[in-house]
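So this block is upload12.txt, compact mmCIF, C-alpha atoms and all ligand atoms:
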# COMPACT_ATOMS: atom_id res chain seq x y z
CA MET E 417 8.34 -0.59 -24.65
CA ILE E 418 12.00 -1.37 -23.98
CA GLU E 419 13.53 1.10 -21.57
CA PHE E 420 17.21 1.77 -20.88
CA GLU E 421 17.79 3.66 -17.64
CA ASP E 422 21.36 4.86 -16.98
CA VAL E 423 22.76 1.70 -18.54
CA THR E 424 26.54 1.32 -18.56
CA LYS E 425 28.67 -1.49 -19.89
CA GLN E 426 32.30 -1.68 -18.94
CA TYR E 427 34.23 -4.68 -20.28
CA PRO E 428 36.70 -6.43 -17.96
CA ASP E 429 39.64 -4.68 -19.66
CA GLY E 430 38.20 -1.33 -18.61
CA THR E 431 36.65 -0.31 -21.97
CA VAL E 432 33.46 1.63 -21.41
CA ALA E 433 31.39 0.53 -24.42
CA VAL E 434 28.11 2.10 -23.28
CA ASP E 435 28.00 5.06 -20.96
CA ASN E 436 24.90 5.96 -18.99
CA LEU E 437 22.48 5.25 -21.79
CA SER E 438 18.86 6.21 -21.17
CA LEU E 439 16.20 5.86 -23.84
CA ARG E 440 12.74 4.48 -24.48
CA ILE E 441 12.22 2.20 -27.45
CA PRO E 442 8.54 2.29 -28.41
CA SER E 443 6.66 -0.93 -29.10
CA ASN E 444 5.66 -1.98 -32.63
CA GLU E 445 8.07 0.42 -34.31
CA ILE E 446 11.56 0.25 -35.78
CA THR E 447 14.23 1.92 -33.68
CA VAL E 448 17.70 2.16 -35.20
CA PHE E 449 21.00 2.46 -33.31
CA VAL E 450 23.48 4.19 -35.59
CA GLY E 451 26.97 5.56 -35.09
CA PRO E 452 30.61 5.10 -36.04
CA SER E 453 32.50 1.86 -35.53
CA GLY E 454 33.08 1.04 -31.87
CA CYS E 455 30.43 3.40 -30.48
CA GLY E 456 28.66 0.60 -28.60
CA LYS E 457 25.76 -0.26 -30.91
CA THR E 458 26.19 -4.02 -30.76
CA THR E 459 26.84 -3.95 -27.03
CA SER E 460 23.64 -1.95 -26.48
CA LEU E 461 21.62 -4.34 -28.63
CA ARG E 462 22.97 -7.49 -27.02
CA MET E 463 22.27 -6.22 -23.53
CA ILE E 464 18.57 -6.45 -24.45
CA ASN E 465 18.67 -10.23 -24.87
CA ARG E 466 21.35 -10.56 -22.20
CA THR E 467 23.93 -12.14 -24.46
CA ILE E 468 25.95 -9.30 -22.93
CA GLU E 469 25.20 -8.36 -19.33
CA ARG E 470 25.17 -4.70 -18.38
CA THR E 471 27.47 -3.43 -15.64
CA SER E 472 24.97 -1.02 -14.10
CA GLY E 473 21.61 0.61 -14.72
CA ARG E 474 18.33 -1.02 -15.63
CA ILE E 475 16.78 -2.42 -18.82
CA SER E 476 13.09 -3.27 -18.75
CA ILE E 477 10.60 -4.68 -21.23
CA ASP E 478 7.04 -3.45 -20.67
CA GLY E 479 8.06 -2.34 -17.20
CA GLU E 480 9.65 -5.61 -16.14
CA ASP E 481 13.37 -5.71 -15.38
CA ILE E 482 14.96 -8.18 -17.82
CA THR E 483 17.10 -9.63 -15.06
CA ALA E 484 13.97 -10.73 -13.15
CA GLY E 485 13.65 -13.96 -15.14
CA ASP E 486 15.99 -16.45 -16.68
CA PRO E 487 17.96 -15.36 -19.78
CA VAL E 488 17.07 -18.43 -21.88
CA THR E 489 13.34 -17.76 -21.52
CA LEU E 490 13.96 -14.08 -22.27
CA ARG E 491 15.82 -14.98 -25.49
CA ARG E 492 13.04 -17.24 -26.74
CA GLY E 493 10.75 -14.22 -26.83
CA ILE E 494 13.26 -12.14 -28.77
CA GLY E 495 14.22 -12.81 -32.41
CA TYR E 496 17.84 -12.13 -33.31
CA VAL E 497 19.26 -11.55 -36.79
CA ILE E 498 22.94 -10.93 -37.44
CA GLN E 499 25.25 -10.10 -40.34
CA HIS E 500 25.84 -13.10 -42.64
CA ALA E 501 22.58 -14.48 -41.18
CA GLY E 502 24.43 -16.88 -38.82
CA LEU E 503 22.55 -19.90 -40.17
CA PHE E 504 23.41 -23.42 -39.07
CA PRO E 505 25.44 -24.76 -42.04
CA HIS E 506 24.51 -28.41 -41.51
CA LYS E 507 20.74 -27.76 -41.42
CA THR E 508 18.53 -27.18 -44.46
CA VAL E 509 16.81 -23.83 -44.91
CA VAL E 510 13.48 -25.06 -43.58
CA ASP E 511 15.15 -26.75 -40.61
CA ASN E 512 17.02 -23.56 -39.81
CA VAL E 513 13.72 -21.68 -39.65
CA ALA E 514 12.19 -24.45 -37.54
CA THR E 515 14.95 -24.33 -34.90
CA VAL E 516 13.12 -22.42 -32.17
CA PRO E 517 9.66 -24.01 -32.69
CA LYS E 518 11.38 -27.39 -32.32
CA LEU E 519 13.02 -26.27 -29.10
CA LEU E 520 9.61 -25.14 -27.90
CA GLY E 521 8.25 -28.64 -28.62
CA TRP E 522 5.73 -27.71 -31.34
CA ASP E 523 4.44 -30.68 -33.32
CA LYS E 524 6.33 -31.48 -36.52
CA ARG E 525 3.55 -30.67 -38.94
CA LYS E 526 2.77 -27.27 -37.46
CA THR E 527 6.47 -26.43 -37.26
CA ARG E 528 7.05 -27.22 -40.92
CA GLU E 529 3.93 -25.38 -42.03
CA THR E 530 4.94 -22.31 -40.06
CA ALA E 531 8.48 -22.45 -41.44
CA MET E 532 7.24 -22.65 -45.03
CA GLU E 533 4.76 -19.82 -44.48
CA LEU E 534 7.52 -17.64 -43.08
CA LEU E 535 9.87 -18.36 -45.96
CA GLU E 536 7.14 -17.27 -48.32
CA ARG E 537 6.52 -14.16 -46.27
CA VAL E 538 10.13 -13.03 -46.43
CA GLY E 539 10.07 -13.51 -50.19
CA LEU E 540 12.15 -16.68 -50.51
CA ASP E 541 11.44 -19.04 -53.38
CA LEU E 542 10.10 -22.19 -51.68
CA LYS E 543 12.10 -24.34 -54.07
CA LEU E 544 15.10 -23.37 -51.95
CA ALA E 545 13.64 -24.74 -48.70
CA GLU E 546 15.54 -28.02 -48.81
CA ARG E 547 18.88 -26.46 -49.70
CA TYR E 548 21.74 -25.85 -47.28
CA PRO E 549 22.78 -22.26 -46.47
CA ALA E 550 26.01 -22.50 -48.48
CA GLN E 551 23.86 -23.12 -51.57
CA LEU E 552 22.12 -19.74 -51.22
CA SER E 553 23.18 -16.20 -52.13
CA GLY E 554 23.95 -13.72 -49.34
CA GLY E 555 20.60 -11.98 -49.81
CA GLN E 556 18.69 -15.28 -49.71
CA GLN E 557 20.53 -16.26 -46.53
CA GLN E 558 19.50 -12.99 -44.91
CA ARG E 559 15.86 -13.68 -45.75
CA VAL E 560 16.17 -17.08 -44.09
CA GLY E 561 17.77 -15.38 -41.08
CA VAL E 562 14.77 -13.03 -40.79
CA ALA E 563 12.32 -15.95 -41.18
CA ARG E 564 14.15 -17.90 -38.49
CA ALA E 565 14.04 -14.95 -36.09
CA LEU E 566 10.29 -14.62 -36.67
CA ALA E 567 9.53 -18.33 -36.25
CA ALA E 568 8.36 -18.28 -32.66
CA ASP E 569 6.43 -15.04 -33.26
CA PRO E 570 8.52 -12.95 -30.86
CA LYS E 571 7.31 -9.51 -29.82
CA ILE E 572 10.81 -8.13 -30.24
CA MET E 573 13.35 -8.51 -33.04
CA LEU E 574 16.97 -7.50 -32.65
CA MET E 575 18.80 -7.00 -35.94
CA ASP E 576 22.56 -6.40 -35.93
CA GLU E 577 23.83 -5.06 -39.27
CA PRO E 578 21.69 -7.70 -41.03
CA PHE E 579 22.08 -6.24 -44.52
CA SER E 580 25.69 -5.05 -44.42
CA ALA E 581 27.26 -7.99 -46.21
CA VAL E 582 25.19 -7.88 -49.41
CA ASP E 583 25.57 -5.72 -52.50
CA PRO E 584 23.73 -2.37 -52.70
CA ILE E 585 20.92 -3.61 -54.95
CA VAL E 586 20.08 -6.63 -52.81
CA ARG E 587 20.43 -4.46 -49.75
CA HIS E 588 17.87 -2.04 -51.11
CA GLN E 589 15.48 -4.96 -51.82
CA LEU E 590 15.94 -6.37 -48.32
CA GLN E 591 15.25 -2.97 -46.78
CA GLU E 592 12.06 -2.60 -48.81
CA GLU E 593 10.99 -6.13 -47.82
CA LEU E 594 11.61 -5.40 -44.17
CA LEU E 595 9.44 -2.27 -44.33
CA ARG E 596 6.71 -4.20 -46.14
CA LEU E 597 6.90 -7.06 -43.63
CA GLN E 598 6.83 -4.65 -40.71
CA ARG E 599 3.60 -3.09 -42.02
CA ASP E 600 2.03 -6.56 -41.56
CA ILE E 601 3.70 -7.78 -38.40
CA GLY E 602 4.25 -4.58 -36.41
CA LYS E 603 7.06 -5.96 -34.23
CA THR E 604 9.23 -3.98 -31.89
CA ILE E 605 12.40 -3.96 -33.95
CA VAL E 606 15.78 -2.71 -32.75
CA PHE E 607 18.13 -2.42 -35.70
CA VAL E 608 21.86 -1.69 -35.63
CA THR E 609 23.69 -0.12 -38.57
CA HIS E 610 26.66 2.15 -39.17
CA ASP E 611 24.94 3.49 -42.31
CA ILE E 612 23.01 6.70 -41.71
CA ASP E 613 21.04 6.30 -44.96
CA GLU E 614 19.82 2.89 -43.84
CA ALA E 615 18.94 4.34 -40.42
CA ILE E 616 16.93 7.17 -41.97
CA LYS E 617 15.15 4.86 -44.38
CA LEU E 618 14.16 2.19 -41.88
CA GLY E 619 13.83 3.93 -38.54
CA ASP E 620 10.69 5.32 -36.99
CA ASN E 621 13.21 6.53 -34.43
CA VAL E 622 16.96 6.82 -34.68
CA ALA E 623 19.43 6.77 -31.79
CA VAL E 624 22.76 8.30 -32.81
CA LEU E 625 25.61 7.11 -30.60
CA ARG E 626 29.09 8.59 -30.38
CA VAL E 627 32.29 6.67 -29.60
CA GLY E 628 32.45 6.17 -25.86
CA GLY E 629 28.93 4.82 -25.91
CA GLN E 630 27.05 8.05 -25.33
CA LEU E 631 23.72 8.96 -26.83
CA ALA E 632 24.11 12.00 -29.07
CA GLN E 633 20.47 12.25 -30.22
CA PHE E 634 17.28 10.20 -30.22
CA ALA E 635 14.66 11.39 -32.69
CA PRO E 636 12.55 10.47 -35.70
CA PRO E 637 14.56 10.75 -38.95
CA ALA E 638 12.90 13.96 -40.15
CA GLU E 639 13.74 15.72 -36.89
CA LEU E 640 17.29 14.39 -36.96
CA LEU E 641 17.81 15.87 -40.42
CA ALA E 642 16.07 19.14 -39.63
CA LYS E 643 17.57 19.72 -36.19
CA PRO E 644 20.78 17.81 -35.53
CA ALA E 645 21.53 18.14 -31.82
CA ASP E 646 25.19 19.08 -32.24
CA ASP E 647 28.19 19.20 -34.62
CA PHE E 648 28.84 15.49 -34.23
CA VAL E 649 25.33 14.52 -35.34
CA GLU E 650 25.43 17.08 -38.13
CA SER E 651 28.69 15.75 -39.53
CA PHE E 652 27.56 12.15 -39.11
CA ILE E 653 24.37 12.82 -41.04
CA GLY E 654 26.46 14.20 -43.88
CA GLN E 655 26.50 17.11 -46.26
CA ASP E 656 23.31 16.60 -48.21
CA ARG E 657 20.90 16.44 -45.29
CA GLY E 658 18.72 19.21 -46.76
CA TYR E 659 18.17 17.13 -49.86
CA ARG E 660 17.54 13.93 -47.90
CA ALA E 661 15.04 15.71 -45.66
CA LEU E 662 12.80 16.04 -48.73
CA THR E 663 12.01 12.34 -48.29
CA PHE E 664 9.83 13.22 -45.32
CA VAL E 665 7.69 15.91 -46.96
CA THR E 666 4.93 14.85 -49.35
CA ALA E 667 4.29 16.37 -52.73
CA GLU E 668 0.65 17.02 -51.70
CA ASP E 669 0.95 20.80 -51.51
CA LEU E 670 2.85 21.36 -54.73
CA PRO E 671 1.19 24.02 -56.93
CA LEU E 672 0.80 21.89 -60.06
CA GLY E 673 0.37 23.57 -63.40
CA PRO E 674 -2.00 22.27 -66.09
CA VAL E 675 -0.83 19.40 -68.31
CA PRO E 676 0.77 21.13 -71.36
CA ALA E 677 -0.35 20.27 -74.88
CA GLU E 678 3.20 19.07 -75.67
CA LEU E 679 2.71 16.08 -73.38
CA THR E 680 1.42 13.12 -75.35
CA VAL E 681 -0.30 10.17 -73.75
CA GLY E 682 -0.53 6.56 -74.90
CA GLU E 683 -3.68 4.51 -75.47
CA ASP E 684 -3.65 3.60 -71.77
CA GLY E 685 -3.78 7.30 -70.90
CA LYS E 686 -0.28 7.28 -69.40
CA PRO E 687 2.36 9.86 -70.37
CA ALA E 688 4.20 8.73 -73.50
CA GLY E 689 6.57 11.59 -74.37
CA TRP E 690 7.19 15.29 -74.85
CA GLN E 691 6.79 16.75 -78.32
CA LYS E 692 9.57 19.20 -79.08
CA ASN E 693 10.61 20.49 -82.51
CA GLY E 694 9.12 17.43 -84.18
CA ASP E 695 10.91 15.01 -81.83
CA THR E 696 9.43 12.87 -79.08
CA LEU E 697 11.51 13.19 -75.91
CA PRO E 698 11.24 10.72 -72.99
CA ILE E 699 9.12 11.66 -69.98
CA GLY E 700 11.68 10.97 -67.24
CA ALA E 701 10.54 9.91 -63.78
CA VAL E 702 6.93 10.65 -62.77
CA PHE E 703 5.54 11.13 -59.26
CA GLN E 704 2.24 10.99 -57.40
CA ARG E 705 0.76 13.43 -54.91
CA SER E 706 1.39 10.94 -52.12
CA ASP E 707 5.10 10.63 -53.00
CA SER E 708 7.80 12.70 -51.36
CA LEU E 709 9.19 16.02 -52.51
CA ARG E 710 12.34 14.06 -53.28
CA ALA E 711 10.40 12.07 -55.87
CA ALA E 712 8.95 15.28 -57.32
CA MET E 713 12.41 16.80 -57.54
CA ASP E 714 13.69 13.68 -59.23
CA ALA E 715 10.88 13.99 -61.80
CA VAL E 716 11.90 17.59 -62.55
CA LEU E 717 15.60 16.71 -62.73
CA THR E 718 15.05 13.76 -65.08
CA SER E 719 12.61 15.57 -67.35
CA PRO E 720 14.27 16.70 -70.62
CA ILE E 721 12.31 19.96 -70.48
CA GLY E 722 12.41 20.58 -66.72
CA GLN E 723 8.73 19.69 -66.22
CA GLY E 724 8.08 16.92 -63.69
CA VAL E 725 4.86 15.02 -64.44
CA CYS E 726 2.49 14.21 -61.58
CA VAL E 727 0.22 11.21 -62.24
CA ASP E 728 -2.80 9.77 -60.45
CA GLU E 729 -3.06 6.22 -59.14
CA ALA E 730 -3.95 4.95 -62.59
CA GLY E 731 -0.76 6.53 -63.96
CA LYS E 732 -2.58 9.29 -65.87
CA PRO E 733 -1.11 12.82 -65.84
CA VAL E 734 -2.83 15.30 -63.52
CA GLY E 735 -0.38 18.21 -63.71
CA VAL E 736 3.21 19.31 -63.93
CA ILE E 737 5.72 21.11 -61.76
CA ASP E 738 8.90 22.97 -62.76
CA TYR E 739 11.97 24.28 -60.90
CA THR E 740 10.28 27.52 -59.93
CA GLY E 741 7.24 25.74 -58.50
CA LEU E 742 9.45 23.41 -56.53
CA THR E 743 11.64 26.17 -55.17
CA GLY E 744 8.56 28.03 -53.99
CA VAL E 745 7.67 25.11 -51.74
CA LEU E 746 11.23 24.44 -50.63
CA ARG E 747 11.86 28.05 -49.66
CA PRO E 748 8.48 29.61 -48.93
N1 LIG F 801 34.50 -8.36 -25.27
C1 LIG F 801 35.02 -7.13 -25.27
N2 LIG F 801 36.04 -6.79 -24.46
C2 LIG F 801 36.55 -5.53 -24.46
N3 LIG F 801 36.11 -4.55 -25.24
C3 LIG F 801 35.10 -4.83 -26.07
C4 LIG F 801 34.51 -6.13 -26.14
N4 LIG F 801 33.52 -6.10 -27.08
C5 LIG F 801 33.50 -4.84 -27.56
N5 LIG F 801 34.45 -4.08 -26.97
C6 LIG F 801 34.72 -2.65 -27.20
O1 LIG F 801 33.56 -1.92 -26.86
C7 LIG F 801 33.38 -0.83 -27.75
C8 LIG F 801 32.00 -0.93 -28.38
O2 LIG F 801 31.95 -2.12 -29.19
P1 LIG F 801 30.65 -2.51 -30.01
O3 LIG F 801 30.95 -3.78 -30.73
O4 LIG F 801 29.48 -2.48 -29.12
O5 LIG F 801 30.57 -1.29 -31.03
P2 LIG F 801 29.78 -1.13 -32.39
O6 LIG F 801 29.31 0.28 -32.39
O7 LIG F 801 28.80 -2.20 -32.56
O8 LIG F 801 30.96 -1.27 -33.46
P3 LIG F 801 30.96 -1.81 -34.98
O9 LIG F 801 30.10 -0.89 -35.78
O10 LIG F 801 32.41 -1.69 -35.36
O11 LIG F 801 30.47 -3.22 -34.95
C9 LIG F 801 34.54 -0.89 -28.73
O12 LIG F 801 35.53 -0.04 -28.29
C10 LIG F 801 34.99 -2.34 -28.64
O13 LIG F 801 36.36 -2.45 -28.95

Please express what this file holds, its structure, as structure tokens.
Amino acid sequence: MIEFEDVTKQYPDGTVAVDNLSLRIPSNEITVFVGPSGCGKTTSLRMINRTIERTSGRISIDGEDITAGDPVTLRRGIGYVIQHAGLFPHKTVVDNVATVPKLLGWDKRKTRETAMELLERVGLDLKLAERYPAQLSGGQQQRVGVARALAADPKIMLMDEPFSAVDPIVRHQLQEELLRLQRDIGKTIVFVTHDIDEAIKLGDNVAVLRVGGQLAQFAPPAELLAKPADDFVESFIGQDRGYRALTFVTAEDLPLGPVPAELTVGEDGKPAGWQKNGDTLPIGAVFQRSDSLRAAMDAVLTSPIGQGVCVDEAGKPVGVIDYTGLTGVLRP
């Protein structure tokens, strides 16, 4: 656990970037700092690896004050990923990833093996390993940045707007990859973003900061959406929070109706189309019981006849839901 106790950072010009921040960041989970520009997210993050020193208060990792030891040793145990990846331009991809193991004096063979394994793990094509960063796309560079941060197997990863500089599609892929990777590695990740959607998608816990460096709310995403602490949090979360909250409720309890005769299935048993007035209409999106209510709603909205099809793990239809069925669950 990383604990902030009454932590304040005042820069020499008098700016109070972080004001009396107290929070507990649980181990092996993703905690996101989110808030508007200038609210002190980066300052808070960088106080953890002491690339910025706090003015007062205490920060501890597993109970030990981070100022007890030397900052260089502290930083070696903490991975750090930043926007634009911050790769060394004159080093190849694999050498970038090997930076910290080399500093730690690992033997060459083990270092290279580890670097290649990590590149594979973050989903980078190994053919790119001998390229220089400038020869990679933004998304590929970010993957290398994540691999480099993981190289010495740190317990903690700090990620400062790592996906902000890439286009929305690549960003979505990188977010999915991070969640997949985290299921395997279970690191303590502290992630900074100004994007509330990214915070809600990635965070096990979300800390919303307001300008002036004060904590407005610290909660899991579902709670944040359901019970914003005040007007600031509510407006920061945005207008469609009711809709987004559906992401956190599963479709398990939906009262499915029987599969109608109009639904045709292909040879593989999967839904093929809706028969209507002699025409075959497309199915639209389908969902599974384990998906969210948001997925179920999407299935209803994209269905040409307002019937969302629920399928089992093999993709075969098990039932349908319509607007009325959905509304019954949304507003019991
Ligand atoms: N070296 C510095 N000297 C003086 N003020 C600073 C310094 N670094 C940051 N600040 C100020 O501290 C406040 C918090 O900055 P910080 O970078 O932590 O915010 P942030 O939430 O990460 O912002 P952004 O989303 O725009 O990156 C801002 O008002 C900023 O101008």

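Near ligand LIG 801 (chain F), the residues found within 7 Å are Tyr427, Pro428, Asp429, Thr431, Val432, Ala433, Gly451, Pro452, Ser453, Gly454, Cys455, Gly456, Lys457, Thr458, Thr459, Ser460, His610 and Gly629 of chain E (criterion computed using only C-alpha atoms and all ligand atoms).
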
Give me the residues near stretch 652-661 of chain E as an mmCIF file with C-alpha atoms, in the frame of the given file, where near means some atom within 8 Å (using only C-alpha atoms) and where sequence neighbours in that chain fewer than 2 positions away do not count.
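Below you can see selection.cif, which holds the result:
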data_model
loop_
_atom_site.group_PDB
_atom_site.id
_atom_site.type_symbol
_atom_site.label_atom_id
_atom_site.label_comp_id
_atom_site.auth_asym_id
_atom_site.auth_seq_id
_atom_site.Cartn_x
_atom_site.Cartn_y
_atom_site.Cartn_z
ATOM 1 C CA GLY E 451 26.970 5.560 -35.090
ATOM 2 C CA ILE E 612 23.010 6.700 -41.710
ATOM 3 C CA ALA E 638 12.900 13.960 -40.150
ATOM 4 C CA LEU E 641 17.810 15.870 -40.420
ATOM 5 C CA ALA E 642 16.070 19.140 -39.630
ATOM 6 C CA PHE E 648 28.840 15.490 -34.230
ATOM 7 C CA VAL E 649 25.330 14.520 -35.340
ATOM 8 C CA GLU E 650 25.430 17.080 -38.130
ATOM 9 C CA THR E 663 12.010 12.340 -48.290
ATOM 10 C CA PHE E 664 9.830 13.220 -45.320
ATOM 11 C CA VAL E 665 7.690 15.910 -46.960
ATOM 12 C CA ARG E 710 12.340 14.060 -53.280
#

Exercise. So, counting all atoms listed in the file, which residue among E:Ala623, E:Val736, E:Ala730, E:Leu640 is closest to E:Gly673?
Worked result: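 Smallest separation from E:Gly673 among the options: E:Val736.
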
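Across the model, the gap from atom CA of E:Ala581 to atom CA of E:Arg626 is 23.0 Å.
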
Contacts between stretch 482-495 of chain E and stretch 519-634 of chain E, please, where a residue of stretch 519-634 of chain E counts if it comes within 12 Å (with all atoms listed in the file); show its shortest atom pair and distance in Å to one decimal, rows by chain and ascending number, as CSV.
residue,atom,partner,partner_atom,distance
E:Leu519,CA,E:Arg492,CA,9.3
E:Leu520,CA,E:Arg492,CA,8.7
E:Gly561,CA,E:Gly495,CA,9.7
E:Val562,CA,E:Gly495,CA,8.4
E:Ala563,CA,E:Gly495,CA,9.5
E:Arg564,CA,E:Gly495,CA,7.9
E:Ala565,CA,E:Gly495,CA,4.3
E:Leu566,CA,E:Gly495,CA,6.1
E:Ala567,CA,E:Gly495,CA,8.2
E:Ala568,CA,E:Gly493,CA,7.5
E:Asp569,CA,E:Gly493,CA,7.8
E:Pro570,CA,E:Gly493,CA,4.8
E:Lys571,CA,E:Gly493,CA,6.6
E:Ile572,CA,E:Ile494,CA,4.9
E:Met573,CA,E:Gly495,CA,4.4
E:Leu574,CA,E:Gly495,CA,6.0
E:Met575,CA,E:Gly495,CA,8.2
E:Asp576,CA,E:Gly495,CA,11.1
E:Lys603,CA,E:Gly495,CA,10.1
E:Thr604,CA,E:Ile494,CA,9.6
E:Ile605,CA,E:Gly495,CA,9.2
E:Val606,CA,E:Gly495,CA,10.2
E:Phe607,CA,E:Gly495,CA,11.6

For this session: Tell me, in Å to one decimal, how far atom CA of E:His506 is from atom CA of E:Glu593.
Result: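 Distance between the two atoms: 26.8 Å.
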
Problem set entry | Pairwise distance for atom CA of E:Thr508 and atom CA of E:Arg547, rounded to one decimal in Å |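 Pair atom CA of E:Thr508 / atom CA of E:Arg547 returns 5.3 Å.
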
Exercise. Which residue out of E:Gln551, E:Gly539, E:Lys732, E:Val434 has the minimum interatomic distance to E:Glu469 when all atoms listed in the file are used?
Worked result: E:Val434
